[in-house]
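> My file is my_file.pdb. It has PDB, C-alpha atoms:
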```pdb
ATOM      1  CA  MET A   1      84.506 138.768 182.663  1.00  0.00           C
ATOM      2  CA  PRO A   2      82.385 141.872 182.588  1.00  0.00           C
ATOM      3  CA  GLN A   3      80.245 142.852 179.627  1.00  0.00           C
ATOM      4  CA  SER A   4      80.771 146.535 180.474  1.00  0.00           C
ATOM      5  CA  SER A   5      84.443 146.167 179.512  1.00  0.00           C
ATOM      6  CA  ASP A   6      83.361 144.621 176.218  1.00  0.00           C
ATOM      7  CA  VAL A   7      81.358 147.715 175.269  1.00  0.00           C
ATOM      8  CA  LEU A   8      84.111 150.088 176.382  1.00  0.00           C
ATOM      9  CA  PHE A   9      86.862 148.261 174.507  1.00  0.00           C
ATOM     10  CA  LYS A  10      84.761 148.139 171.336  1.00  0.00           C
ATOM     11  CA  THR A  11      83.796 151.794 171.633  1.00  0.00           C
ATOM     12  CA  LEU A  12      87.360 152.953 172.194  1.00  0.00           C
ATOM     13  CA  ALA A  13      88.947 150.595 169.657  1.00  0.00           C
ATOM     14  CA  ASP A  14      88.302 153.161 166.896  1.00  0.00           C
ATOM     15  CA  PRO A  15      91.295 155.555 166.830  1.00  0.00           C
ATOM     16  CA  THR A  16      89.295 158.614 165.730  1.00  0.00           C
ATOM     17  CA  ARG A  17      86.666 158.032 168.386  1.00  0.00           C
ATOM     18  CA  ARG A  18      89.348 157.441 170.996  1.00  0.00           C
ATOM     19  CA  ALA A  19      91.070 160.686 169.991  1.00  0.00           C
ATOM     20  CA  ILE A  20      87.818 162.604 170.438  1.00  0.00           C
ATOM     21  CA  PHE A  21      87.319 161.058 173.857  1.00  0.00           C
ATOM     22  CA  GLU A  22      90.910 161.762 174.878  1.00  0.00           C
ATOM     23  CA  ARG A  23      90.507 165.380 173.810  1.00  0.00           C
ATOM     24  CA  LEU A  24      87.431 165.729 176.009  1.00  0.00           C
ATOM     25  CA  CYS A  25      89.356 164.193 178.905  1.00  0.00           C
ATOM     26  CA  ARG A  26      92.317 166.483 178.386  1.00  0.00           C
ATOM     27  CA  ASP A  27      90.704 169.784 177.486  1.00  0.00           C
ATOM     28  CA  GLY A  28      87.316 169.613 179.187  1.00  0.00           C
ATOM     29  CA  ASP A  29      83.923 170.365 177.638  1.00  0.00           C
ATOM     30  CA  GLN A  30      83.828 170.966 173.883  1.00  0.00           C
ATOM     31  CA  THR A  31      81.266 171.721 171.217  1.00  0.00           C
ATOM     32  CA  VAL A  32      80.920 169.532 168.121  1.00  0.00           C
ATOM     33  CA  SER A  33      82.415 172.257 165.945  1.00  0.00           C
ATOM     34  CA  ALA A  34      85.430 172.680 168.226  1.00  0.00           C
ATOM     35  CA  LEU A  35      85.983 168.935 168.203  1.00  0.00           C
ATOM     36  CA  THR A  36      85.576 168.799 164.416  1.00  0.00           C
ATOM     37  CA  ALA A  37      88.277 171.428 163.947  1.00  0.00           C
ATOM     38  CA  LYS A  38      90.836 169.072 165.487  1.00  0.00           C
ATOM     39  CA  ALA A  39      89.433 165.656 164.548  1.00  0.00           C
ATOM     40  CA  GLY A  40      90.418 165.538 160.871  1.00  0.00           C
ATOM     41  CA  VAL A  41      87.002 164.176 159.877  1.00  0.00           C
ATOM     42  CA  SER A  42      83.670 165.789 158.948  1.00  0.00           C
ATOM     43  CA  GLN A  43      81.222 167.184 161.491  1.00  0.00           C
ATOM     44  CA  PRO A  44      78.628 164.429 160.790  1.00  0.00           C
ATOM     45  CA  ALA A  45      81.364 161.862 161.418  1.00  0.00           C
ATOM     46  CA  VAL A  46      82.290 163.538 164.710  1.00  0.00           C
ATOM     47  CA  SER A  47      78.610 163.656 165.698  1.00  0.00           C
ATOM     48  CA  LYS A  48      78.295 159.954 164.965  1.00  0.00           C
ATOM     49  CA  HIS A  49      81.328 159.141 167.102  1.00  0.00           C
ATOM     50  CA  LEU A  50      79.910 161.278 169.928  1.00  0.00           C
ATOM     51  CA  ARG A  51      76.626 159.377 169.696  1.00  0.00           C
ATOM     52  CA  VAL A  52      78.466 156.049 170.085  1.00  0.00           C
ATOM     53  CA  LEU A  53      80.487 157.446 173.003  1.00  0.00           C
ATOM     54  CA  LYS A  54      77.285 158.677 174.619  1.00  0.00           C
ATOM     55  CA  GLU A  55      75.615 155.270 174.233  1.00  0.00           C
ATOM     56  CA  ALA A  56      78.612 153.708 175.981  1.00  0.00           C
ATOM     57  CA  GLY A  57      78.224 156.207 178.823  1.00  0.00           C
ATOM     58  CA  LEU A  58      81.583 157.803 178.039  1.00  0.00           C
ATOM     59  CA  VAL A  59      80.290 161.293 177.270  1.00  0.00           C
ATOM     60  CA  LEU A  60      77.362 163.463 178.316  1.00  0.00           C
ATOM     61  CA  ASP A  61      75.808 166.188 176.200  1.00  0.00           C
ATOM     62  CA  ARG A  62      74.505 169.495 177.501  1.00  0.00           C
ATOM     63  CA  HIS A  63      72.534 171.936 175.389  1.00  0.00           C
ATOM     64  CA  ALA A  64      73.379 175.612 175.770  1.00  0.00           C
ATOM     65  CA  GLY A  65      71.621 177.874 173.296  1.00  0.00           C
ATOM     66  CA  ARG A  66      72.275 176.615 169.787  1.00  0.00           C
ATOM     67  CA  GLN A  67      75.356 174.708 170.853  1.00  0.00           C
ATOM     68  CA  THR A  68      75.685 171.261 172.337  1.00  0.00           C
ATOM     69  CA  HIS A  69      78.611 170.800 174.701  1.00  0.00           C
ATOM     70  CA  TYR A  70      80.082 167.387 175.296  1.00  0.00           C
ATOM     71  CA  SER A  71      81.966 166.274 178.394  1.00  0.00           C
ATOM     72  CA  ALA A  72      83.900 163.092 179.206  1.00  0.00           C
ATOM     73  CA  GLN A  73      82.500 160.794 181.883  1.00  0.00           C
ATOM     74  CA  LEU A  74      85.652 159.502 183.505  1.00  0.00           C
ATOM     75  CA  LYS A  75      83.868 157.167 185.882  1.00  0.00           C
ATOM     76  CA  ALA A  76      82.770 155.113 182.869  1.00  0.00           C
ATOM     77  CA  LEU A  77      86.415 154.074 182.454  1.00  0.00           C
ATOM     78  CA  THR A  78      86.607 152.285 185.780  1.00  0.00           C
ATOM     79  CA  PRO A  79      85.972 148.830 184.256  1.00  0.00           C
ATOM     80  CA  LEU A  80      89.013 149.313 181.997  1.00  0.00           C
ATOM     81  CA  ALA A  81      91.219 150.386 184.871  1.00  0.00           C
ATOM     82  CA  ASP A  82      90.148 147.182 186.602  1.00  0.00           C
ATOM     83  CA  TRP A  83      91.217 144.997 183.641  1.00  0.00           C
ATOM     84  CA  THR A  84      94.427 143.676 185.158  1.00  0.00           C
ATOM     85  CA  HIS A  85      92.676 142.998 188.449  1.00  0.00           C
ATOM     86  CA  GLN A  86      89.881 141.093 186.724  1.00  0.00           C
ATOM     87  CA  MET A  87      92.208 139.091 184.498  1.00  0.00           C
ATOM     88  CA  ALA A  88      94.372 138.149 187.476  1.00  0.00           C
ATOM     89  CA  GLY A  89      91.254 136.771 189.161  1.00  0.00           C
ATOM     90  CA  PHE A  90      90.312 134.923 185.976  1.00  0.00           C
ATOM     91  CA  TRP A  91      93.730 133.232 185.696  1.00  0.00           C
ATOM     92  CA  GLU A  92      93.945 132.379 189.403  1.00  0.00           C
ATOM     93  CA  GLY A  93      90.637 130.551 189.030  1.00  0.00           C
ATOM     94  CA  ARG A  94      91.764 128.763 185.860  1.00  0.00           C
ATOM     95  CA  LEU A  95      95.030 127.682 187.465  1.00  0.00           C
ATOM     96  CA  ASP A  96      93.071 126.171 190.347  1.00  0.00           C
ATOM     97  CA  GLY A  97      91.275 124.153 187.666  1.00  0.00           C
ATOM     98  CA  LEU A  98      94.583 123.223 186.054  1.00  0.00           C
ATOM     99  CA  GLU A  99      95.945 121.929 189.351  1.00  0.00           C
ATOM    100  CA  ASN A 100      92.812 119.874 189.900  1.00  0.00           C
ATOM    101  CA  LEU A 101      93.180 118.414 186.425  1.00  0.00           C
ATOM    102  CA  LEU A 102      96.843 117.527 187.027  1.00  0.00           C
ATOM    103  CA  LYS A 103      95.839 115.544 190.102  1.00  0.00           C
ATOM    104  CA  ARG A 104      93.396 113.526 187.999  1.00  0.00           C
ATOM    105  CA  MET A 105      95.736 112.982 185.034  1.00  0.00           C
ATOM    106  CA  ASP A 106      97.864 109.878 184.466  1.00  0.00           C
ATOM    107  CA  GLN A 107     101.589 110.414 184.782  1.00  0.00           C
TER     108      GLN A 107
ATOM    109  CA  MET B   1     100.712 140.598 190.253  1.00  0.00           C
ATOM    110  CA  THR B   2      99.767 143.492 187.982  1.00  0.00           C
ATOM    111  CA  GLY B   3     101.293 146.326 185.951  1.00  0.00           C
ATOM    112  CA  LYS B   4     105.031 146.289 185.258  1.00  0.00           C
ATOM    113  CA  SER B   5     105.064 149.746 183.753  1.00  0.00           C
ATOM    114  CA  PRO B   6     102.443 152.390 183.073  1.00  0.00           C
ATOM    115  CA  GLU B   7     102.339 151.729 179.336  1.00  0.00           C
ATOM    116  CA  THR B   8     101.925 147.990 179.634  1.00  0.00           C
ATOM    117  CA  LEU B   9      98.876 146.096 180.748  1.00  0.00           C
ATOM    118  CA  SER B  10     100.237 143.014 182.382  1.00  0.00           C
ATOM    119  CA  VAL B  11      98.946 140.212 184.545  1.00  0.00           C
ATOM    120  CA  ILE B  12     101.331 137.663 186.034  1.00  0.00           C
ATOM    121  CA  VAL B  13     100.232 134.585 187.909  1.00  0.00           C
ATOM    122  CA  GLU B  14     102.811 132.138 189.255  1.00  0.00           C
ATOM    123  CA  ARG B  15     102.477 128.755 190.921  1.00  0.00           C
ATOM    124  CA  GLU B  16     104.744 126.104 192.344  1.00  0.00           C
ATOM    125  CA  ILE B  17     103.286 122.829 191.115  1.00  0.00           C
ATOM    126  CA  SER B  18     104.366 119.416 192.329  1.00  0.00           C
ATOM    127  CA  TYR B  19     104.377 117.805 188.900  1.00  0.00           C
ATOM    128  CA  PRO B  20     107.095 117.749 186.224  1.00  0.00           C
ATOM    129  CA  PRO B  21     106.995 120.213 183.294  1.00  0.00           C
ATOM    130  CA  GLU B  22     106.192 117.401 180.840  1.00  0.00           C
ATOM    131  CA  LYS B  23     102.895 116.669 182.546  1.00  0.00           C
ATOM    132  CA  ILE B  24     101.889 120.318 182.813  1.00  0.00           C
ATOM    133  CA  TRP B  25     102.862 120.785 179.159  1.00  0.00           C
ATOM    134  CA  ARG B  26     100.298 118.163 178.171  1.00  0.00           C
ATOM    135  CA  ALA B  27      97.587 119.994 180.097  1.00  0.00           C
ATOM    136  CA  LEU B  28      98.578 123.250 178.367  1.00  0.00           C
ATOM    137  CA  THR B  29      98.713 121.864 174.817  1.00  0.00           C
ATOM    138  CA  GLN B  30      96.228 119.005 174.360  1.00  0.00           C
ATOM    139  CA  PRO B  31      92.814 120.366 173.354  1.00  0.00           C
ATOM    140  CA  HIS B  32      90.725 117.929 175.406  1.00  0.00           C
ATOM    141  CA  LEU B  33      92.842 118.707 178.477  1.00  0.00           C
ATOM    142  CA  ILE B  34      92.812 122.483 177.851  1.00  0.00           C
ATOM    143  CA  ALA B  35      89.017 122.235 177.710  1.00  0.00           C
ATOM    144  CA  GLU B  36      88.961 120.766 181.220  1.00  0.00           C
ATOM    145  CA  TRP B  37      90.566 123.724 182.945  1.00  0.00           C
ATOM    146  CA  LEU B  38      90.428 126.661 180.532  1.00  0.00           C
ATOM    147  CA  MET B  39      87.922 126.626 177.665  1.00  0.00           C
ATOM    148  CA  GLN B  40      86.674 124.676 174.673  1.00  0.00           C
ATOM    149  CA  ASN B  41      89.216 125.122 171.880  1.00  0.00           C
ATOM    150  CA  ASP B  42      90.791 123.906 168.638  1.00  0.00           C
ATOM    151  CA  PHE B  43      94.378 124.448 169.752  1.00  0.00           C
ATOM    152  CA  LYS B  44      97.369 122.873 167.984  1.00  0.00           C
ATOM    153  CA  PRO B  45     100.944 123.369 169.219  1.00  0.00           C
ATOM    154  CA  GLU B  46     102.110 124.860 165.910  1.00  0.00           C
ATOM    155  CA  PRO B  47     103.394 128.427 165.555  1.00  0.00           C
ATOM    156  CA  GLY B  48     101.027 130.434 163.354  1.00  0.00           C
ATOM    157  CA  HIS B  49      98.034 128.167 164.071  1.00  0.00           C
ATOM    158  CA  GLN B  50      94.892 130.231 164.615  1.00  0.00           C
ATOM    159  CA  PHE B  51      92.379 128.925 167.101  1.00  0.00           C
ATOM    160  CA  ASN B  52      89.415 129.928 169.206  1.00  0.00           C
ATOM    161  CA  MET B  53      88.550 129.429 172.805  1.00  0.00           C
ATOM    162  CA  SER B  54      84.972 129.684 173.896  1.00  0.00           C
ATOM    163  CA  GLY B  55      83.395 129.926 177.305  1.00  0.00           C
ATOM    164  CA  ASP B  56      79.918 130.691 178.531  1.00  0.00           C
ATOM    165  CA  TRP B  57      80.784 134.403 178.646  1.00  0.00           C
ATOM    166  CA  GLY B  58      82.136 134.696 175.099  1.00  0.00           C
ATOM    167  CA  ALA B  59      84.907 133.743 172.690  1.00  0.00           C
ATOM    168  CA  VAL B  60      88.608 134.476 172.463  1.00  0.00           C
ATOM    169  CA  ASP B  61      90.553 134.582 169.164  1.00  0.00           C
ATOM    170  CA  CYS B  62      94.067 133.250 169.467  1.00  0.00           C
ATOM    171  CA  GLN B  63      97.140 132.521 167.386  1.00  0.00           C
ATOM    172  CA  VAL B  64     100.107 130.431 168.443  1.00  0.00           C
ATOM    173  CA  LEU B  65     103.314 132.496 168.610  1.00  0.00           C
ATOM    174  CA  GLU B  66     105.870 130.284 170.277  1.00  0.00           C
ATOM    175  CA  VAL B  67     106.170 126.603 171.098  1.00  0.00           C
ATOM    176  CA  GLU B  68     109.198 125.286 172.970  1.00  0.00           C
ATOM    177  CA  PRO B  69     108.069 121.919 174.328  1.00  0.00           C
ATOM    178  CA  ASN B  70     107.992 121.657 178.123  1.00  0.00           C
ATOM    179  CA  LYS B  71     109.399 125.195 178.427  1.00  0.00           C
ATOM    180  CA  VAL B  72     107.541 128.035 176.707  1.00  0.00           C
ATOM    181  CA  LEU B  73     104.141 128.418 175.097  1.00  0.00           C
ATOM    182  CA  ALA B  74     102.841 131.759 173.842  1.00  0.00           C
ATOM    183  CA  TYR B  75      99.700 132.751 171.998  1.00  0.00           C
ATOM    184  CA  THR B  76      97.803 135.912 171.232  1.00  0.00           C
ATOM    185  CA  TRP B  77      94.588 136.439 173.149  1.00  0.00           C
ATOM    186  CA  ALA B  78      92.031 138.784 171.599  1.00  0.00           C
ATOM    187  CA  ALA B  79      88.846 139.372 173.553  1.00  0.00           C
ATOM    188  CA  PHE B  80      86.607 142.368 174.138  1.00  0.00           C
ATOM    189  CA  GLY B  81      88.446 144.376 171.488  1.00  0.00           C
ATOM    190  CA  LEU B  82      91.759 144.168 173.309  1.00  0.00           C
ATOM    191  CA  GLU B  83      94.659 142.095 172.018  1.00  0.00           C
ATOM    192  CA  SER B  84      97.169 140.654 174.394  1.00  0.00           C
ATOM    193  CA  VAL B  85      99.710 137.856 174.534  1.00  0.00           C
ATOM    194  CA  VAL B  86      99.538 134.965 176.975  1.00  0.00           C
ATOM    195  CA  THR B  87     102.925 133.388 177.707  1.00  0.00           C
ATOM    196  CA  TRP B  88     103.374 130.240 179.764  1.00  0.00           C
ATOM    197  CA  THR B  89     106.840 129.535 181.131  1.00  0.00           C
ATOM    198  CA  LEU B  90     107.686 126.208 182.787  1.00  0.00           C
ATOM    199  CA  THR B  91     110.845 125.933 184.883  1.00  0.00           C
ATOM    200  CA  PRO B  92     111.796 122.624 186.500  1.00  0.00           C
ATOM    201  CA  THR B  93     112.382 122.803 190.253  1.00  0.00           C
ATOM    202  CA  SER B  94     113.484 120.219 192.814  1.00  0.00           C
ATOM    203  CA  GLY B  95     109.863 119.668 193.796  1.00  0.00           C
ATOM    204  CA  GLY B  96     108.247 119.887 190.377  1.00  0.00           C
ATOM    205  CA  THR B  97     107.686 122.972 188.261  1.00  0.00           C
ATOM    206  CA  HIS B  98     107.531 126.699 188.619  1.00  0.00           C
ATOM    207  CA  LEU B  99     104.676 127.715 186.318  1.00  0.00           C
ATOM    208  CA  ARG B 100     104.398 131.325 185.246  1.00  0.00           C
ATOM    209  CA  MET B 101     101.569 132.844 183.223  1.00  0.00           C
ATOM    210  CA  GLU B 102     101.973 136.344 181.902  1.00  0.00           C
ATOM    211  CA  GLN B 103      99.277 138.109 179.937  1.00  0.00           C
ATOM    212  CA  SER B 104     100.473 141.384 178.591  1.00  0.00           C
ATOM    213  CA  GLY B 105      99.351 144.167 176.318  1.00  0.00           C
ATOM    214  CA  PHE B 106     101.633 146.119 174.121  1.00  0.00           C
ATOM    215  CA  ALA B 107     105.133 145.999 175.505  1.00  0.00           C
ATOM    216  CA  PRO B 108     107.759 147.636 173.268  1.00  0.00           C
ATOM    217  CA  GLY B 109     109.341 144.265 172.431  1.00  0.00           C
ATOM    218  CA  GLN B 110     106.075 142.959 171.059  1.00  0.00           C
ATOM    219  CA  GLN B 111     105.396 145.709 168.568  1.00  0.00           C
ATOM    220  CA  GLN B 112     105.848 143.355 165.640  1.00  0.00           C
ATOM    221  CA  PHE B 113     102.573 141.695 166.566  1.00  0.00           C
ATOM    222  CA  TYR B 114     100.629 144.891 166.759  1.00  0.00           C
ATOM    223  CA  GLN B 115     100.659 147.060 163.704  1.00  0.00           C
ATOM    224  CA  GLY B 116      98.681 150.167 162.899  1.00  0.00           C
ATOM    225  CA  ALA B 117      95.954 151.363 165.154  1.00  0.00           C
ATOM    226  CA  LYS B 118      96.440 148.622 167.701  1.00  0.00           C
ATOM    227  CA  ALA B 119      99.826 150.095 168.591  1.00  0.00           C
ATOM    228  CA  SER B 120      98.092 153.141 170.052  1.00  0.00           C
ATOM    229  CA  TRP B 121      96.641 151.186 172.961  1.00  0.00           C
ATOM    230  CA  PRO B 122      99.592 151.685 175.333  1.00  0.00           C
ATOM    231  CA  GLN B 123      99.526 155.448 174.927  1.00  0.00           C
ATOM    232  CA  PHE B 124      95.808 155.294 175.499  1.00  0.00           C
ATOM    233  CA  PHE B 125      96.134 153.368 178.738  1.00  0.00           C
ATOM    234  CA  ASP B 126      98.997 155.590 179.772  1.00  0.00           C
ATOM    235  CA  LYS B 127      96.829 158.641 179.232  1.00  0.00           C
ATOM    236  CA  MET B 128      93.878 156.980 180.846  1.00  0.00           C
ATOM    237  CA  GLU B 129      95.870 156.273 183.988  1.00  0.00           C
ATOM    238  CA  GLN B 130      96.983 159.866 184.104  1.00  0.00           C
ATOM    239  CA  VAL B 131      93.417 160.971 183.632  1.00  0.00           C
ATOM    240  CA  LEU B 132      92.112 158.684 186.333  1.00  0.00           C
ATOM    241  CA  ALA B 133      94.907 159.668 188.714  1.00  0.00           C
ATOM    242  CA  GLY B 134      94.223 163.356 188.225  1.00  0.00           C
ATOM    243  CA  HIS B 135      90.476 163.537 188.082  1.00  0.00           C
ATOM    244  CA  VAL B 136      88.688 160.663 189.750  1.00  0.00           C
TER     245      VAL B 136
END
```
Spell out the structure here as structure tokens.

Amino acid sequence: MPQSSDVLFKTLADPTRRAIFERLCRDGDQTVSALTAKAGVSQPAVSKHLRVLKEAGLVLDRHAGRQTHYSAQLKALTPLADWTHQMAGFWEGRLDGLENLLKRMDQ
Amino acid sequence: MTGKSPETLSVIVEREISYPPEKIWRALTQPHLIAEWLMQNDFKPEPGHQFNMSGDWGAVDCQVLEVEPNKVLAYTWAAFGLESVVTWTLTPTSGGTHLRMEQSGFAPGQQQFYQGAKASWPQFFDKMEQVLAGHV
């Protein structure tokens, strides 16, 4: 199972952080102050969440004058979209192992 | 094999196995047998029992939800920050057993297991699918 999914799940497990990311997905580029106005937490808290999202590759920042604009990186979500596909592969492999075990087991 | 509805993450794997349910049940519920095909574990077939599975790629936190010998076994499966439920269903057939494994996220009927923030996952995946469909 991929480590990239691990990071993404952990990063997006926080509801406030997830809400910020969803807002960027939905509404496009935003500044920290615009995001803070809707986030229900302080600007330093929003900045911290954005830093974590950036480290996970989920957002990019772009400096324009005094403002920093953040944008969602949708391609970073691909490992999550692949979750069902990956888990299906995992279980198919395990069930092969189960069938092998059954052959070796006593009745 | 995947996705029953947009708001549910679901994986279903089914096999026709030429052994009776009783034998498969042992492989699903005895720790030393589970270790041979799935992962190292401290499983006990008791509802409410919390256990761990560990593989070379990481660990899974689990709790037994349902035990109906030779028929149904269900446990939670928490890994990589995502909680899900793994349900094994064994149905006797003329040639052995129909074995069905379903791993699912947050279906409406399972809400009692997922309080608070965890309940927001389905909306998230729903939105994510919309986002991916529209933009990528």
> For the structure shown, which residues end up in the PyMOL selection byres ((chain B and resi 85-96) around 6)? Put them as a list in words, please?
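Against this file, the PyMOL selection byres ((chain B and resi 85-96) around 6) returns the residues Ile17, Ser18, Tyr19, Pro20, Lys71, Val72, Leu73, Ala74, Tyr75, Thr76, Trp77, Ser84, Thr97, His98, Leu99, Arg100, Met101, Glu102, Gln103 and Ser104 of chain B.
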> Once the PyMOL selection byres ((chain A and resi 96) around 12) is applied to the coordinates I shared, what remains selected? I want it as a PDB file with C-alpha atoms, keeping the file's coordinate frame.

```pdb
ATOM      1  CA  GLY A  89      91.254 136.771 189.161  1.00  0.00           C
ATOM      2  CA  PHE A  90      90.312 134.923 185.976  1.00  0.00           C
ATOM      3  CA  TRP A  91      93.730 133.232 185.696  1.00  0.00           C
ATOM      4  CA  GLU A  92      93.945 132.379 189.403  1.00  0.00           C
ATOM      5  CA  GLY A  93      90.637 130.551 189.030  1.00  0.00           C
ATOM      6  CA  ARG A  94      91.764 128.763 185.860  1.00  0.00           C
ATOM      7  CA  LEU A  95      95.030 127.682 187.465  1.00  0.00           C
ATOM      8  CA  GLY A  97      91.275 124.153 187.666  1.00  0.00           C
ATOM      9  CA  LEU A  98      94.583 123.223 186.054  1.00  0.00           C
ATOM     10  CA  GLU A  99      95.945 121.929 189.351  1.00  0.00           C
ATOM     11  CA  ASN A 100      92.812 119.874 189.900  1.00  0.00           C
ATOM     12  CA  LEU A 101      93.180 118.414 186.425  1.00  0.00           C
ATOM     13  CA  LEU A 102      96.843 117.527 187.027  1.00  0.00           C
ATOM     14  CA  LYS A 103      95.839 115.544 190.102  1.00  0.00           C
TER      15      LYS A 103
ATOM     16  CA  VAL B  13     100.232 134.585 187.909  1.00  0.00           C
ATOM     17  CA  GLU B  14     102.811 132.138 189.255  1.00  0.00           C
ATOM     18  CA  ARG B  15     102.477 128.755 190.921  1.00  0.00           C
ATOM     19  CA  GLU B  16     104.744 126.104 192.344  1.00  0.00           C
ATOM     20  CA  ILE B  17     103.286 122.829 191.115  1.00  0.00           C
ATOM     21  CA  GLU B  36      88.961 120.766 181.220  1.00  0.00           C
ATOM     22  CA  TRP B  37      90.566 123.724 182.945  1.00  0.00           C
ATOM     23  CA  LEU B  38      90.428 126.661 180.532  1.00  0.00           C
TER      24      LEU B  38
END
```
> Find, counting all atoms listed in the file, the residue in B:Glu46, B:Glu68, B:Asp61, B:Glu83 that gets nearest to chain A.
B:Glu83
> Convert the output of the PyMOL selection byres ((chain A and resi 29-36) around 10) on the shown file into explicit residues, formatted as a PyMOL selection string.
chain A and resi 19-21+23-28+37-47+50+59-64+67-72
> Using all atoms listed in the file, which residues sit within 9 Å of Gly55 in chain B once same-chain residues fewer than 5 positions away are excluded, as a list of chain:residue names?
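Listing them by chain and then by number gives B:Leu38, B:Met39, B:Gln40, B:Val60.
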> Closest to Ala76 in chain A among A:Leu12, A:Arg17, A:Gly57, A:Ala88, using all atoms listed in the file?
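Closest candidate: A:Gly57.
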> Mind pulling up the distance from CA of Leu58 in chain A to CA of Leu8 in chain A?
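CA of Leu8 in chain A sits 8.3 Å away from CA of Leu58 in chain A.
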> Excluding range 24-29 of chain B and its own-chain neighbours fewer than 3 positions away, which residues fall within 7 Å of it when counting only C-alpha atoms? Please give them as a ChimeraX atom specification.
/B:20-21,33-34,45,70
> Have a look at CA of Glu55 in chain A and CA of Glu22 in chain A and let me know their distance in Å, one decimal.
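Computing the Euclidean distance for CA of Glu55 in chain A and CA of Glu22 in chain A yields 16.6 Å.
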> Of the candidates B:Ser54, B:Ser10, B:Gln30, B:Gln63, which one gets nearest to chain A if we count only C-alpha atoms?
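Using only C-alpha atoms, the shortest distance to chain A belongs to B:Ser10.
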> Quick one: distance from CA of Lys44 in chain B to CA of Val67 in chain B in Å, one decimal?
10.1 Å
> Which residue, B:Cys62, B:Asn52, B:Pro31, B:Ala79, has the smallest gap to chain A when you use all atoms listed in the file?
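Counting all atoms listed in the file, the residue closest to chain A is B:Ala79.
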